[in-house]
Amino acid sequence: MNGSRTRGSARLVAVSVGLVLAAALAWFLWPRRHASPPPIELRNAPPVEGAALAKRRAESSDPAQVFAAGRRRLDLTEEVAGQLFPLNVPDQAFDPQCYLRHASNLDNRVNWPEHANGAWHLRTNSLGLREDRELAPQFDGLRVLCTGDSHTDGVCDNSESWPHRLEAELHAAHPDAAIEVINAGKGCYSFYHYRGVLERLAYLSPKLFVVAVYGGNDFMETTRPWYYFAGVDRPRFDGPDWKRVDAGKRVDAPAMAQVWTSVYYFHRFPSEIDVALGAALSLSADMAGAAEARGMRVLFVYIPSRAELDIDAELERSKAALAALELGRADLETARKMADRYLQGLASLGLPVIDMRATFRAAAKPPYWNSDLHIDVAGHAAIGAALAPWVEPLLSKAR
């Protein structure tokens, strides 16, 4: 009985993924033809079901009603967004397009012994972006919009994050050029948020939209909103699962604990690998189409977790966490293969991507903070340097 129900659910999910991917690819092709907040806590977030899910299903069942009401297909109310994402975290706010963003005009000192200054500052402008400056609606030069999760947001000063390291690289090579690179990254973001950033900030008319995908947990965290929009129940951890996850969290750094929760999720529910990758590629294609329709180019950057760089070293470094979660080499190989499949999917769509895995592996030290395992200042600098040659050709077109 349980086996037939599981197979039926798997078939429903596979069909839903196919429909979402087909719709996204259609959107992608249309313009070509016609011109450190804490991680999401899945346990504490209430399930999106019952009246809220029934209402969403009813609203989505009649396309005429959706168009008549003027709703965007990815709209969420603040109430529903709060069920999907951790809106109750201090110093952040609801946003109707991105669902959440940093609060405006923050200037928070974060003590950080590993940093050269012993601390860094989380500063935001009036838009809640990791910028020390305000942005003019119009910019006469090359404007680049970047987004990503906490590894783009930056566990570092604004000037040290990879979007601003990219800006510094371009300014050094072209001191007379007008260049502005905007950091719209935010901790807790994944693919749906990246799509929302494009919607929210398209009025700034960037020439390039850069999306940084973090392999550590972006794929897993996309499944929760995907299931909500698809109207399908999502697999959930049970009591023993949470006991293992809690034990794993107690013996590793916060950012790595997020990675292990994601690896464990796909270990526990292997059919979710296809769901997550289907959703990620659908949304990537959707972003590319939406960007092109607005006259922007799009570029993806893949940021690996430390677990993807050297599996033998990671098995030794994280043996306590992996033992608590009952994970092994095959699970780390799965994480690496998921990255390969996503990058191959981007290539099949003709979408450009910079894969940072080889650069990070070649570094003398893995470019992550030891205490936290977000990418460190050297990691941000490496991404900025890798991006610069891809962005430089756009300078002549912006003049």
# chains A, B, ... in the order shown; residues from 1 in each chain; ligands from 1
>>> residues_around(residues="A:His115", least_positions_apart="3", cutoff="10 Å", atoms="only C-alpha atoms", output="NGL selection string")
:A and (111-112 or 118-120 or 155-157 or 369 or 376-377)
>>> write_last_selection(atoms="C-alpha atoms", output="tab-separated table (two decimals), in the first residue's frame")
chain	number	residue	atom	x	y	z
A	111	ASN	CA	33.03	40.40	15.51
A	112	TRP	CA	35.08	37.96	13.45
A	118	GLY	CA	38.84	41.34	13.81
A	119	ALA	CA	35.33	42.24	12.61
A	120	TRP	CA	33.28	43.15	9.56
A	155	VAL	CA	30.42	37.25	5.61
A	156	CYS	CA	32.71	40.25	5.09
A	157	ASP	CA	32.61	44.00	4.46
A	369	TRP	CA	36.24	30.79	6.99
A	376	ASP	CA	36.19	33.99	2.98
A	377	VAL	CA	37.73	37.18	1.58
>>> select_by_dssp(residues="stretch 187-306 of chain A", states="alpha helix (DSSP H)", output="number ranges by chain")
A: 191-201, 218-230, 239-249, 254-268, 272-293
>>> closest_residue(among="A:Met356, A:Leu198, A:Leu76, A:Met256", to="A:Ala386", atoms="only C-alpha atoms")
A:Met356
>>> residues_around(residues="A:Lys365", least_positions_apart="6", cutoff="12 Å", atoms="only C-alpha atoms", output="number ranges by chain")
A: 306, 309-310, 359, 375-376, 378-379
>>> write_last_selection(atoms="N, CA and C atoms", output="tab-separated table (two decimals), in the first residue's frame")
chain	number	residue	atom	x	y	z
A	306	ARG	N	32.49	23.36	0.58
A	306	ARG	CA	33.79	22.72	0.80
A	306	ARG	C	33.72	21.22	0.57
A	309	LEU	N	34.94	19.79	-2.87
A	309	LEU	CA	36.29	20.01	-3.39
A	309	LEU	C	37.18	18.77	-3.29
A	310	ASP	N	37.22	18.16	-2.12
A	310	ASP	CA	38.09	17.00	-1.89
A	310	ASP	C	37.34	16.05	-0.98
A	359	THR	N	39.00	26.33	-9.50
A	359	THR	CA	39.76	27.43	-8.89
A	359	THR	C	39.87	27.25	-7.39
A	375	ILE	N	32.31	31.30	2.27
A	375	ILE	CA	33.55	31.66	1.58
A	375	ILE	C	34.17	32.89	2.26
A	376	ASP	N	35.48	32.90	2.31
A	376	ASP	CA	36.19	33.99	2.98
A	376	ASP	C	36.57	35.08	1.98
A	378	ALA	N	39.35	35.69	0.50
A	378	ALA	CA	40.09	35.15	-0.66
A	378	ALA	C	39.12	34.50	-1.65
A	379	GLY	N	38.09	33.83	-1.15
A	379	GLY	CA	37.11	33.21	-2.04
A	379	GLY	C	36.34	34.25	-2.84
>>> select_by_dssp(residues="stretch 140-353 of chain A", states="strand (DSSP E)", output="ChimeraX atom specification")
/A:142-147,179-183,208-214,297-303,353
